[in-house]
file start_33.csv (CSV, C-alpha atoms and all ligand atoms)
chain,number,residue,atom,x,y,z
A,1,MET,CA,78.8,31.5,50.5
A,2,THR,CA,78.5,35.3,50.2
A,3,ARG,CA,77.7,37.0,53.4
A,4,ILE,CA,75.0,39.6,52.8
A,5,LEU,CA,73.8,42.1,55.4
A,6,LYS,CA,71.1,44.6,54.4
A,7,VAL,CA,71.7,47.7,56.6
A,8,ALA,CA,69.8,51.0,57.1
A,9,ALA,CA,71.2,54.4,58.0
A,10,ALA,CA,68.1,55.8,59.9
A,11,GLN,CA,68.7,59.5,59.7
A,12,LEU,CA,66.7,61.6,62.3
A,13,GLY,CA,65.5,65.1,61.6
A,14,PRO,CA,65.7,67.7,64.3
A,15,ILE,CA,64.8,67.0,67.9
A,16,HIS,CA,63.7,70.2,69.6
A,17,LEU,CA,64.2,70.9,73.3
A,18,ALA,CA,60.4,70.6,73.8
A,19,GLU,CA,60.3,67.1,72.3
A,20,GLY,CA,60.2,64.3,74.8
A,21,ARG,CA,61.8,60.9,74.5
A,22,ALA,CA,58.5,59.2,73.9
A,23,GLN,CA,57.9,61.2,70.8
A,24,VAL,CA,61.4,60.5,69.6
A,25,VAL,CA,61.1,56.8,70.3
A,26,GLU,CA,57.9,56.7,68.2
A,27,ARG,CA,59.9,58.2,65.3
A,28,LEU,CA,62.7,55.6,65.8
A,29,ILE,CA,60.2,52.8,65.8
A,30,ALA,CA,58.5,54.1,62.6
A,31,MET,CA,61.9,54.0,60.9
A,32,LEU,CA,62.5,50.5,62.2
A,33,HIS,CA,59.3,49.3,60.5
A,34,GLN,CA,60.4,51.1,57.3
A,35,ALA,CA,63.8,49.4,57.4
A,36,ASP,CA,62.1,46.0,58.1
A,37,ALA,CA,59.8,46.4,55.2
A,38,SER,CA,62.9,46.6,52.9
A,39,GLY,CA,64.5,43.6,54.5
A,40,CYS,CA,67.1,45.3,56.7
A,41,ARG,CA,68.6,43.4,59.6
A,42,LEU,CA,70.6,46.2,61.1
A,43,VAL,CA,69.4,49.8,61.6
A,44,VAL,CA,71.9,52.6,62.5
A,45,PHE,CA,70.4,55.5,64.5
A,46,PRO,CA,72.3,58.8,65.1
A,47,GLU,CA,74.6,60.0,67.9
A,48,LEU,CA,72.6,61.3,71.0
A,49,ALA,CA,69.4,60.1,69.2
A,50,LEU,CA,67.1,60.6,72.2
A,51,THR,CA,67.5,64.3,72.8
A,52,THR,CA,68.4,67.6,71.1
A,53,PHE,CA,72.2,68.1,70.7
A,54,PHE,CA,72.4,69.7,74.1
A,55,PRO,CA,76.2,70.3,74.0
A,56,ARG,CA,75.3,73.5,72.0
A,57,TYR,CA,74.0,75.0,75.3
A,58,TRP,CA,76.0,76.4,78.3
A,59,MET,CA,74.5,74.8,81.4
A,60,GLU,CA,75.6,75.0,85.0
A,61,ASP,CA,72.9,73.3,87.0
A,62,PRO,CA,73.9,69.5,87.3
A,63,ALA,CA,70.2,68.5,87.4
A,64,GLU,CA,69.6,70.4,84.1
A,65,ILE,CA,72.6,68.7,82.5
A,66,ASP,CA,71.8,65.2,83.8
A,67,ALA,CA,68.2,65.5,82.5
A,68,PHE,CA,69.7,64.8,79.0
A,69,PHE,CA,71.3,61.6,80.2
A,70,GLU,CA,70.0,58.0,80.4
A,71,THR,CA,70.7,56.3,83.8
A,72,ALA,CA,69.8,52.9,82.4
A,73,MET,CA,69.5,51.2,79.0
A,74,PRO,CA,66.9,50.1,78.1
A,75,ASN,CA,64.7,52.2,80.3
A,76,PRO,CA,61.0,53.0,80.3
A,77,ALA,CA,61.3,55.5,77.5
A,78,THR,CA,63.4,53.2,75.3
A,79,GLN,CA,61.9,49.8,76.1
A,80,PRO,CA,59.3,50.2,73.3
A,81,LEU,CA,62.1,50.5,70.8
A,82,PHE,CA,63.9,47.4,72.1
A,83,ASP,CA,60.5,45.5,72.1
A,84,ALA,CA,59.7,46.6,68.5
A,85,ALA,CA,63.1,45.6,67.3
A,86,ALA,CA,62.9,42.2,69.0
A,87,ARG,CA,59.5,41.6,67.5
A,88,LEU,CA,60.9,42.4,64.0
A,89,GLY,CA,64.1,40.5,64.6
A,90,ILE,CA,66.1,43.7,63.7
A,91,GLY,CA,69.3,44.8,65.4
A,92,PHE,CA,70.2,48.4,65.9
A,93,TYR,CA,72.9,51.0,66.9
A,94,LEU,CA,71.7,53.7,69.2
A,95,GLY,CA,73.6,56.8,70.4
A,96,TYR,CA,72.7,58.4,73.7
A,97,ALA,CA,74.1,60.3,76.7
A,98,GLU,CA,75.1,57.7,79.4
A,99,LEU,CA,75.1,58.6,83.1
A,100,THR,CA,76.4,55.8,85.1
A,101,GLU,CA,78.0,55.4,88.6
A,102,GLU,CA,81.4,53.7,89.3
A,103,ASN,CA,82.6,53.3,92.9
A,104,GLY,CA,80.0,55.9,93.9
A,105,THR,CA,81.2,58.4,91.4
A,106,PRO,CA,78.9,59.6,88.6
A,107,ARG,CA,80.4,59.1,85.1
A,108,HIS,CA,79.1,60.9,82.0
A,109,PHE,CA,79.8,59.5,78.5
A,110,ASN,CA,78.7,60.0,74.9
A,111,THR,CA,77.8,56.4,74.3
A,112,SER,CA,76.5,54.0,71.6
A,113,ILE,CA,75.2,50.5,71.9
A,114,LEU,CA,74.9,47.6,69.4
A,115,VAL,CA,71.7,45.6,70.0
A,116,ASP,CA,71.0,42.2,68.3
A,117,GLY,CA,67.8,41.0,66.6
A,118,ALA,CA,66.6,39.5,69.9
A,119,GLY,CA,66.8,42.9,71.7
A,120,ALA,CA,70.0,42.1,73.6
A,121,ILE,CA,72.8,44.7,74.0
A,122,ILE,CA,75.9,42.9,72.5
A,123,GLY,CA,78.3,45.9,72.6
A,124,LYS,CA,78.9,49.3,74.1
A,125,TYR,CA,81.2,52.1,72.9
A,126,ARG,CA,82.0,55.4,74.6
A,127,LYS,CA,83.1,58.3,72.4
A,128,VAL,CA,86.9,58.8,72.5
A,129,HIS,CA,87.4,61.9,70.4
A,130,LEU,CA,85.4,64.7,72.1
A,131,PRO,CA,85.5,67.9,69.9
A,132,GLY,CA,84.9,71.4,70.9
A,133,HIS,CA,85.7,73.0,74.3
A,134,ALA,CA,85.0,72.8,78.0
A,135,HIS,CA,84.9,76.6,78.7
A,136,ARG,CA,82.2,79.0,77.5
A,137,ILE,CA,83.0,80.9,74.3
A,138,PRO,CA,81.5,84.4,74.4
A,139,ASP,CA,79.6,86.0,71.5
A,140,VAL,CA,79.0,82.9,69.4
A,141,ALA,CA,75.7,81.5,68.1
A,142,PHE,CA,76.1,78.2,69.9
A,143,GLN,CA,78.6,76.4,72.0
A,144,HIS,CA,80.2,72.9,71.5
A,145,LEU,CA,80.6,71.7,75.0
A,146,GLU,CA,81.2,67.9,74.6
A,147,LYS,CA,84.5,68.3,76.7
A,148,ARG,CA,82.4,69.8,79.5
A,149,TYR,CA,79.5,67.3,79.6
A,150,PHE,CA,81.3,64.1,78.7
A,151,GLU,CA,84.4,62.2,79.8
A,152,VAL,CA,86.7,60.6,77.3
A,153,GLY,CA,85.5,57.1,76.5
A,154,ASP,CA,87.2,54.4,78.5
A,155,LEU,CA,86.3,51.3,76.5
A,156,GLY,CA,88.8,51.7,73.6
A,157,PHE,CA,87.6,50.7,70.1
A,158,PRO,CA,86.2,47.1,70.5
A,159,VAL,CA,84.7,45.0,67.8
A,160,TRP,CA,82.1,42.2,68.0
A,161,ARG,CA,81.1,39.1,65.9
A,162,ALA,CA,77.5,40.0,65.0
A,163,PHE,CA,75.1,40.1,62.0
A,164,GLY,CA,77.2,37.6,60.1
A,165,GLY,CA,80.4,39.6,60.3
A,166,VAL,CA,82.8,41.6,62.5
A,167,MET,CA,81.2,44.9,63.6
A,168,GLY,CA,82.7,48.0,65.0
A,169,MET,CA,81.2,51.3,66.3
A,170,CYS,CA,82.3,54.9,66.7
A,171,ILE,CA,80.6,58.3,67.2
A,172,CYS,CA,80.7,61.4,65.1
A,173,ASN,CA,84.0,63.2,65.6
A,174,ASP,CA,85.8,59.8,65.9
A,175,ARG,CA,85.2,59.5,62.1
A,176,ARG,CA,87.7,62.3,61.5
A,177,TRP,CA,90.6,60.4,63.1
A,178,PRO,CA,92.1,57.6,61.0
A,179,GLU,CA,93.3,55.9,64.2
A,180,THR,CA,89.7,55.1,65.0
A,181,PHE,CA,89.1,52.8,62.0
A,182,ARG,CA,92.6,51.4,61.9
A,183,VAL,CA,92.4,50.1,65.4
A,184,MET,CA,89.1,48.3,64.6
A,185,ALA,CA,90.4,47.1,61.2
A,186,LEU,CA,93.4,45.5,63.1
A,187,GLN,CA,90.8,43.5,65.0
A,188,GLY,CA,89.1,42.4,61.8
A,189,ALA,CA,86.2,44.9,61.6
A,190,GLU,CA,84.3,44.5,58.3
A,191,MET,CA,81.7,47.2,59.0
A,192,VAL,CA,81.9,50.2,61.3
A,193,VAL,CA,78.6,52.0,62.1
A,194,LEU,CA,78.4,55.5,63.5
A,195,GLY,CA,76.0,58.3,64.3
A,196,TYR,CA,76.7,62.0,64.2
A,197,ASN,CA,75.4,65.5,65.0
A,198,THR,CA,77.4,68.0,62.9
A,199,PRO,CA,76.6,71.7,63.0
A,200,THR,CA,76.2,73.3,59.6
A,201,THR,CA,78.4,76.2,60.6
A,202,ASN,CA,81.9,76.4,62.1
A,203,ILE,CA,82.0,78.9,65.0
A,204,HIS,CA,85.8,79.1,64.8
A,205,HIS,CA,86.3,79.8,61.1
A,206,ASP,CA,84.3,81.3,58.3
A,207,GLU,CA,84.2,78.0,56.4
A,208,PRO,CA,82.4,77.6,53.1
A,209,LEU,CA,79.4,75.3,53.5
A,210,HIS,CA,80.4,72.9,50.8
A,211,LEU,CA,83.5,72.0,52.8
A,212,ARG,CA,81.5,70.7,55.7
A,213,MET,CA,79.9,68.0,53.6
A,214,PHE,CA,83.1,67.3,51.7
A,215,HIS,CA,85.1,66.7,54.8
A,216,HIS,CA,82.3,64.5,56.3
A,217,ARG,CA,82.3,62.3,53.2
A,218,LEU,CA,86.1,62.4,52.8
A,219,CYS,CA,86.7,61.0,56.3
A,220,MET,CA,84.3,58.1,55.8
A,221,GLN,CA,85.3,57.2,52.3
A,222,ALA,CA,89.0,57.2,53.1
A,223,ALA,CA,88.4,55.1,56.2
A,224,ALA,CA,86.4,52.6,54.3
A,225,TYR,CA,88.9,52.2,51.5
A,226,GLN,CA,92.1,52.3,53.6
A,227,ASN,CA,90.7,49.6,55.9
A,228,GLY,CA,88.7,47.6,53.3
A,229,MET,CA,85.5,48.0,55.4
A,230,TRP,CA,81.9,49.2,55.1
A,231,VAL,CA,81.2,52.5,56.9
A,232,VAL,CA,77.6,53.5,57.7
A,233,GLY,CA,77.0,57.1,59.0
A,234,SER,CA,73.6,58.2,60.3
A,235,ALA,CA,72.9,61.9,61.0
A,236,LYS,CA,70.7,63.8,63.3
A,237,ALA,CA,69.9,66.6,60.9
A,238,GLY,CA,67.9,69.8,60.3
A,239,LYS,CA,67.3,72.8,62.4
A,240,GLU,CA,67.0,72.1,66.2
A,241,ASP,CA,65.5,75.2,67.7
A,242,GLY,CA,67.1,77.1,64.9
A,243,HIS,CA,70.5,75.5,65.1
A,244,GLY,CA,71.5,73.7,61.9
A,245,LEU,CA,72.9,70.2,61.7
A,246,TYR,CA,73.7,68.8,58.3
A,247,GLY,CA,72.4,65.5,56.9
A,248,GLY,CA,74.4,63.5,54.5
A,249,SER,CA,73.7,60.1,56.1
A,250,CYS,CA,75.4,57.6,53.8
A,251,ILE,CA,76.6,54.0,53.3
A,252,VAL,CA,80.2,53.7,52.1
A,253,ALA,CA,81.5,50.5,50.5
A,254,PRO,CA,85.0,49.1,51.1
A,255,THR,CA,86.0,50.5,47.7
A,256,GLY,CA,85.4,54.0,49.2
A,257,GLU,CA,82.3,54.6,47.1
A,258,ILE,CA,79.2,56.1,48.6
A,259,VAL,CA,76.5,53.5,47.5
A,260,ALA,CA,73.5,55.2,49.2
A,261,GLN,CA,72.9,58.6,50.8
A,262,ALA,CA,70.1,60.7,52.3
A,263,MET,CA,68.3,63.2,50.2
A,264,THR,CA,66.7,65.2,53.0
A,265,GLU,CA,67.4,66.7,56.4
A,266,GLY,CA,64.5,64.9,58.0
A,267,ASP,CA,63.7,61.3,59.2
A,268,GLU,CA,64.9,59.2,56.3
A,269,VAL,CA,65.8,55.5,56.0
A,270,VAL,CA,68.8,55.0,53.6
A,271,THR,CA,69.4,51.3,52.8
A,272,TYR,CA,71.9,49.1,51.0
A,273,THR,CA,72.5,45.4,50.6
A,274,CYS,CA,76.1,45.0,51.7
A,275,ASP,CA,78.3,42.1,50.7
A,276,LEU,CA,80.5,41.6,53.7
A,277,ASP,CA,83.1,40.0,51.5
A,278,LEU,CA,83.5,42.9,49.2
A,279,GLY,CA,86.5,44.3,51.1
A,280,ASN,CA,88.4,41.0,51.0
A,281,TYR,CA,90.3,41.8,47.8
A,282,ILE,CA,91.3,45.1,49.2
A,283,LYS,CA,92.6,43.5,52.5
A,284,GLU,CA,94.3,40.7,50.7
A,285,VAL,CA,96.4,42.9,48.4
A,286,ILE,CA,96.8,46.6,48.6
A,287,PHE,CA,95.9,46.9,52.4
A,288,ASN,CA,97.2,43.6,53.4
A,289,PHE,CA,98.3,44.8,56.9
A,290,ALA,CA,100.5,41.8,57.7
A,291,ALA,CA,102.4,42.0,54.4
A,292,HIS,CA,102.8,45.8,54.1
A,293,ARG,CA,102.6,47.7,57.4
A,294,ARG,CA,105.9,48.6,59.0
A,295,ILE,CA,105.1,49.3,62.7
A,296,GLU,CA,108.7,49.9,63.5
A,297,HIS,CA,108.4,53.3,61.9
A,298,TYR,CA,105.0,54.3,63.3
A,299,GLY,CA,106.1,54.8,67.0
A,300,LEU,CA,105.2,58.5,67.1
A,301,ILE,CA,101.6,57.8,66.5
A,302,THR,CA,101.1,56.4,70.0
A,303,GLU,CA,104.2,57.9,71.8
A,304,GLN,CA,103.4,61.6,71.0
A,305,THR,CA,100.0,63.5,71.3
A,306,GLY,CA,100.8,66.8,69.7
A,307,VAL,CA,103.2,68.2,67.1
A,308,VAL,CA,106.9,68.5,67.9
A,309,PRO,CA,108.5,70.4,64.9
A,310,PRO,CA,112.3,70.3,64.2
A,311,GLU,CA,114.5,72.8,65.9
A,312,ASP,CA,115.1,76.0,63.9
A,313,ALA,CA,118.2,75.6,61.7
B,1,LIG,N1,80.2,67.0,65.9
B,1,LIG,C1,81.1,67.5,64.9
B,1,LIG,C2,81.8,66.4,64.1
B,1,LIG,O1,82.9,65.9,64.3
B,1,LIG,C3,83.0,69.0,64.3
B,1,LIG,C4,82.1,68.4,65.4
B,1,LIG,C5,82.4,69.5,63.2
B,1,LIG,C6,84.3,68.9,64.4
B,1,LIG,C7,83.2,70.0,62.1
B,1,LIG,C8,85.1,69.3,63.4
B,1,LIG,C9,84.6,69.9,62.2
B,1,LIG,O2,81.2,66.0,63.1
B,1,LIG,C10,80.4,66.1,66.8
B,1,LIG,N2,79.3,65.9,67.6
B,1,LIG,O3,81.5,65.5,67.0
call {"tool": "encode", "arguments": {"input": "start_33.csv", "output": "structure tokens"}}
result
Amino acid sequence: MTRILKVAAAQLGPIHLAEGRAQVVERLIAMLHQADASGCRLVVFPELALTTFFPRYWMEDPAEIDAFFETAMPNPATQPLFDAAARLGIGFYLGYAELTEENGTPRHFNTSILVDGAGAIIGKYRKVHLPGHAHRIPDVAFQHLEKRYFEVGDLGFPVWRAFGGVMGMCICNDRRWPETFRVMALQGAEMVVLGYNTPTTNIHHDEPLHLRMFHHRLCMQAAAYQNGMWVVGSAKAGKEDGHGLYGGSCIVAPTGEIVAQAMTEGDEVVTYTCDLDLGNYIKEVIFNFAAHRRIEHYGLITEQTGVVPPEDA
């Protein structure tokens, strides 16, 4: 029997500094209902979906920084979202800033959770690939301080049996690193869902705008095809207090084809009826890992972090 999962990439428009979590959660619930009306059973919200993309700001006061984090999940602000999803029987992916405490030490992570149709959290992921910088860069329009505000994720790249298949999660910059998807594919992942907040401009390089969207799609399409999996990416988009984030939320088939994508930079629900068996022929032949991979030649990938070029002749 074909395993069908109708999924929604629930793209969020901008969240301004002045917008509280209650207002955002109302927007998320509205998109849940839209997705439900079209028969979706899984809704993918963006990275850091409860607040503005605060790593763009230099902050020094720990209380100011921690105000962007959730100390519990669900919590009073997000409980209405969990309740609405459970009433509808819809699962969801939610990205948020996680503040937790381990052995008396506060820990800060860029986190996502996978919640089932009964409102139970079945999986948690903490962002591994933190882009940007930890120091303040002078004379730029915005900062990208994920390395300052978050620790590197400590949960690896787990997968879960859910929604009739094997599901994986990642977050934003993770999609640019092929290791992310390969590690989950080696565990049988058939769909990886992710949220992202990607600035429309590059503060380090005068990069043509068309390349931003090209690279975003390239990463997800390559990952989908090379691992025979569905990839769903959901943006927080638009101008947040004047700072642009691009949209381009999309659903990518195991063939590498984009089968649905957002048209706007606002709140927009992008849906597709996914056949979870579509990637089988790709994984049984061309990317049959057991038949074709040669791990005896891949050692450098995990033994070496940076580049070591050959000695000068
Ligand atoms: N944002 C961006 C992303 O990976 C970035 C950062 C943009 C890195 C463009 C490289 C090039 O989509 C987050 N939040 O990771």
call {"tool": "residues_near_ligand", "arguments": {"input": "start_33.csv", "ligand": "ligand LIG 1 (chain B)", "cutoff": "7 Å", "atoms": "only C-alpha atoms and all ligand atoms", "output": "ChimeraX atom specification"}}
result
/A:130-132,172-174,176,196-199,202,212
call {"tool": "residues_around", "arguments": {"input": "start_33.csv", "residues": "range 21-36 of chain A", "least_positions_apart": "3", "cutoff": "9 Å", "atoms": "all atoms listed in the file", "output": "tab-separated table (two decimals) with C-alpha atoms, in the coordinates of the input"}}
result
chain	number	residue	atom	x	y	z
A	7	VAL	CA	71.70	47.70	56.60
A	8	ALA	CA	69.80	51.00	57.10
A	9	ALA	CA	71.20	54.40	58.00
A	10	ALA	CA	68.10	55.80	59.90
A	11	GLN	CA	68.70	59.50	59.70
A	12	LEU	CA	66.70	61.60	62.30
A	15	ILE	CA	64.80	67.00	67.90
A	39	GLY	CA	64.50	43.60	54.50
A	40	CYS	CA	67.10	45.30	56.70
A	41	ARG	CA	68.60	43.40	59.60
A	42	LEU	CA	70.60	46.20	61.10
A	43	VAL	CA	69.40	49.80	61.60
A	45	PHE	CA	70.40	55.50	64.50
A	49	ALA	CA	69.40	60.10	69.20
A	50	LEU	CA	67.10	60.60	72.20
A	51	THR	CA	67.50	64.30	72.80
A	77	ALA	CA	61.30	55.50	77.50
A	78	THR	CA	63.40	53.20	75.30
A	80	PRO	CA	59.30	50.20	73.30
A	81	LEU	CA	62.10	50.50	70.80
A	84	ALA	CA	59.70	46.60	68.50
A	85	ALA	CA	63.10	45.60	67.30
A	88	LEU	CA	60.90	42.40	64.00
A	89	GLY	CA	64.10	40.50	64.60
A	90	ILE	CA	66.10	43.70	63.70
A	92	PHE	CA	70.20	48.40	65.90
A	267	ASP	CA	63.70	61.30	59.20
A	268	GLU	CA	64.90	59.20	56.30
A	269	VAL	CA	65.80	55.50	56.00
A	270	VAL	CA	68.80	55.00	53.60
A	271	THR	CA	69.40	51.30	52.80
call {"tool": "residues_around", "arguments": {"input": "start_33.csv", "residues": "Gln221 in chain A", "least_positions_apart": "6", "cutoff": "12 Å", "atoms": "only C-alpha atoms", "output": "PyMOL selection string"}}
result
chain A and resi 175-176+178+181+192+214-215+227-233+250-259
call {"tool": "atom_distance", "arguments": {"input": "start_33.csv", "atom1": "CA of His129 in chain A", "atom2": "CA of Arg107 in chain A"}}
result
16.5 Å
call {"tool": "residues_around", "arguments": {"input": "start_33.csv", "residues": "Ile171 in chain A", "least_positions_apart": "6", "cutoff": "6 Å", "atoms": "all atoms listed in the file", "output": "PyMOL selection string"}}
result
chain A and resi 127+194-195
call {"tool": "closest_atom_pairs", "arguments": {"input": "start_33.csv", "of": "range 230-292 of chain A", "to": "range 1-5 of chain A", "cutoff": "8 Å", "atoms": "only C-alpha atoms", "output": "Markdown table"}}
result
| residue | atom | partner | partner_atom | distance |
| --- | --- | --- | --- | --- |
| A:Thr273 | CA | A:Leu5 | CA | 6.0 |
| A:Cys274 | CA | A:Leu5 | CA | 5.2 |
| A:Asp275 | CA | A:Ile4 | CA | 4.6 |
| A:Leu276 | CA | A:Arg3 | CA | 5.4 |
| A:Asp277 | CA | A:Arg3 | CA | 6.5 |
call {"tool": "atom_distance", "arguments": {"input": "start_33.csv", "atom1": "CA of Ala134 in chain A", "atom2": "CA of Phe68 in chain A"}}
result
17.3 Å
call {"tool": "atom_distance", "arguments": {"input": "start_33.csv", "atom1": "CA of Gly91 in chain A", "atom2": "CA of Ala262 in chain A"}}
result
20.6 Å
call {"tool": "residues_around", "arguments": {"input": "start_33.csv", "residues": "Phe157 in chain A", "least_positions_apart": "3", "cutoff": "9 Å", "atoms": "all atoms listed in the file", "output": "PyMOL selection string"}}
result
chain A and resi 125-126+128+168-170+180-181+183-184
call {"tool": "residues_around", "arguments": {"input": "start_33.csv", "residues": "Pro55 in chain A", "least_positions_apart": "5", "cutoff": "6 Å", "atoms": "all atoms listed in the file", "output": "NGL selection string"}}
result
:A and (144-146)
call {"tool": "decode", "arguments": {"input": "start_33.csv", "residues": "range 192-204 of chain A", "atoms": "N, CA, C and O atoms", "output": "PDB file, in the first residue's frame"}}
result
ATOM      1  N   VAL A 192      12.955  14.876   5.467  1.00  0.00           N
ATOM      2  CA  VAL A 192      13.603  15.779   6.422  1.00  0.00           C
ATOM      3  C   VAL A 192      12.896  17.125   6.338  1.00  0.00           C
ATOM      4  O   VAL A 192      12.710  17.671   5.238  1.00  0.00           O
ATOM      5  N   VAL A 193      12.465  17.633   7.472  1.00  0.00           N
ATOM      6  CA  VAL A 193      11.766  18.922   7.522  1.00  0.00           C
ATOM      7  C   VAL A 193      12.651  19.931   8.254  1.00  0.00           C
ATOM      8  O   VAL A 193      13.402  19.587   9.181  1.00  0.00           O
ATOM      9  N   LEU A 194      12.602  21.166   7.771  1.00  0.00           N
ATOM     10  CA  LEU A 194      13.488  22.191   8.335  1.00  0.00           C
ATOM     11  C   LEU A 194      12.860  23.566   8.204  1.00  0.00           C
ATOM     12  O   LEU A 194      12.023  23.818   7.322  1.00  0.00           O
ATOM     13  N   GLY A 195      13.245  24.449   9.126  1.00  0.00           N
ATOM     14  CA  GLY A 195      12.860  25.856   9.022  1.00  0.00           C
ATOM     15  C   GLY A 195      14.103  26.702   8.834  1.00  0.00           C
ATOM     16  O   GLY A 195      15.206  26.263   9.164  1.00  0.00           O
ATOM     17  N   TYR A 196      13.935  27.908   8.293  1.00  0.00           N
ATOM     18  CA  TYR A 196      15.106  28.761   8.075  1.00  0.00           C
ATOM     19  C   TYR A 196      14.739  30.234   8.155  1.00  0.00           C
ATOM     20  O   TYR A 196      13.580  30.622   7.962  1.00  0.00           O
ATOM     21  N   ASN A 197      15.742  31.029   8.519  1.00  0.00           N
ATOM     22  CA  ASN A 197      15.693  32.503   8.469  1.00  0.00           C
ATOM     23  C   ASN A 197      16.946  32.914   7.716  1.00  0.00           C
ATOM     24  O   ASN A 197      18.055  32.819   8.276  1.00  0.00           O
ATOM     25  N   THR A 198      16.811  33.299   6.445  1.00  0.00           N
ATOM     26  CA  THR A 198      17.992  33.621   5.655  1.00  0.00           C
ATOM     27  C   THR A 198      17.952  35.064   5.167  1.00  0.00           C
ATOM     28  O   THR A 198      17.046  35.437   4.403  1.00  0.00           O
ATOM     29  N   PRO A 199      18.906  35.870   5.609  1.00  0.00           N
ATOM     30  CA  PRO A 199      18.929  37.276   5.197  1.00  0.00           C
ATOM     31  C   PRO A 199      19.020  37.408   3.677  1.00  0.00           C
ATOM     32  O   PRO A 199      19.641  36.584   3.004  1.00  0.00           O
ATOM     33  N   THR A 200      18.402  38.434   3.155  1.00  0.00           N
ATOM     34  CA  THR A 200      18.411  38.622   1.685  1.00  0.00           C
ATOM     35  C   THR A 200      19.758  39.181   1.218  1.00  0.00           C
ATOM     36  O   THR A 200      20.066  39.134   0.034  1.00  0.00           O
ATOM     37  N   THR A 201      20.537  39.723   2.162  1.00  0.00           N
ATOM     38  CA  THR A 201      21.853  40.238   1.726  1.00  0.00           C
ATOM     39  C   THR A 201      22.976  39.553   2.515  1.00  0.00           C
ATOM     40  O   THR A 201      22.769  39.095   3.632  1.00  0.00           O
ATOM     41  N   ASN A 202      24.118  39.507   1.882  1.00  0.00           N
ATOM     42  CA  ASN A 202      25.294  38.873   2.484  1.00  0.00           C
ATOM     43  C   ASN A 202      26.219  39.999   2.990  1.00  0.00           C
ATOM     44  O   ASN A 202      26.683  40.803   2.194  1.00  0.00           O
ATOM     45  N   ILE A 203      26.443  40.070   4.299  1.00  0.00           N
ATOM     46  CA  ILE A 203      27.247  41.195   4.831  1.00  0.00           C
ATOM     47  C   ILE A 203      28.728  41.009   4.529  1.00  0.00           C
ATOM     48  O   ILE A 203      29.533  41.911   4.744  1.00  0.00           O
ATOM     49  N   HIS A 204      29.099  39.829   4.035  1.00  0.00           N
ATOM     50  CA  HIS A 204      30.539  39.591   3.827  1.00  0.00           C
ATOM     51  C   HIS A 204      30.960  39.771   2.374  1.00  0.00           C
ATOM     52  O   HIS A 204      32.123  39.832   2.044  1.00  0.00           O
TER      53      HIS A 204
END
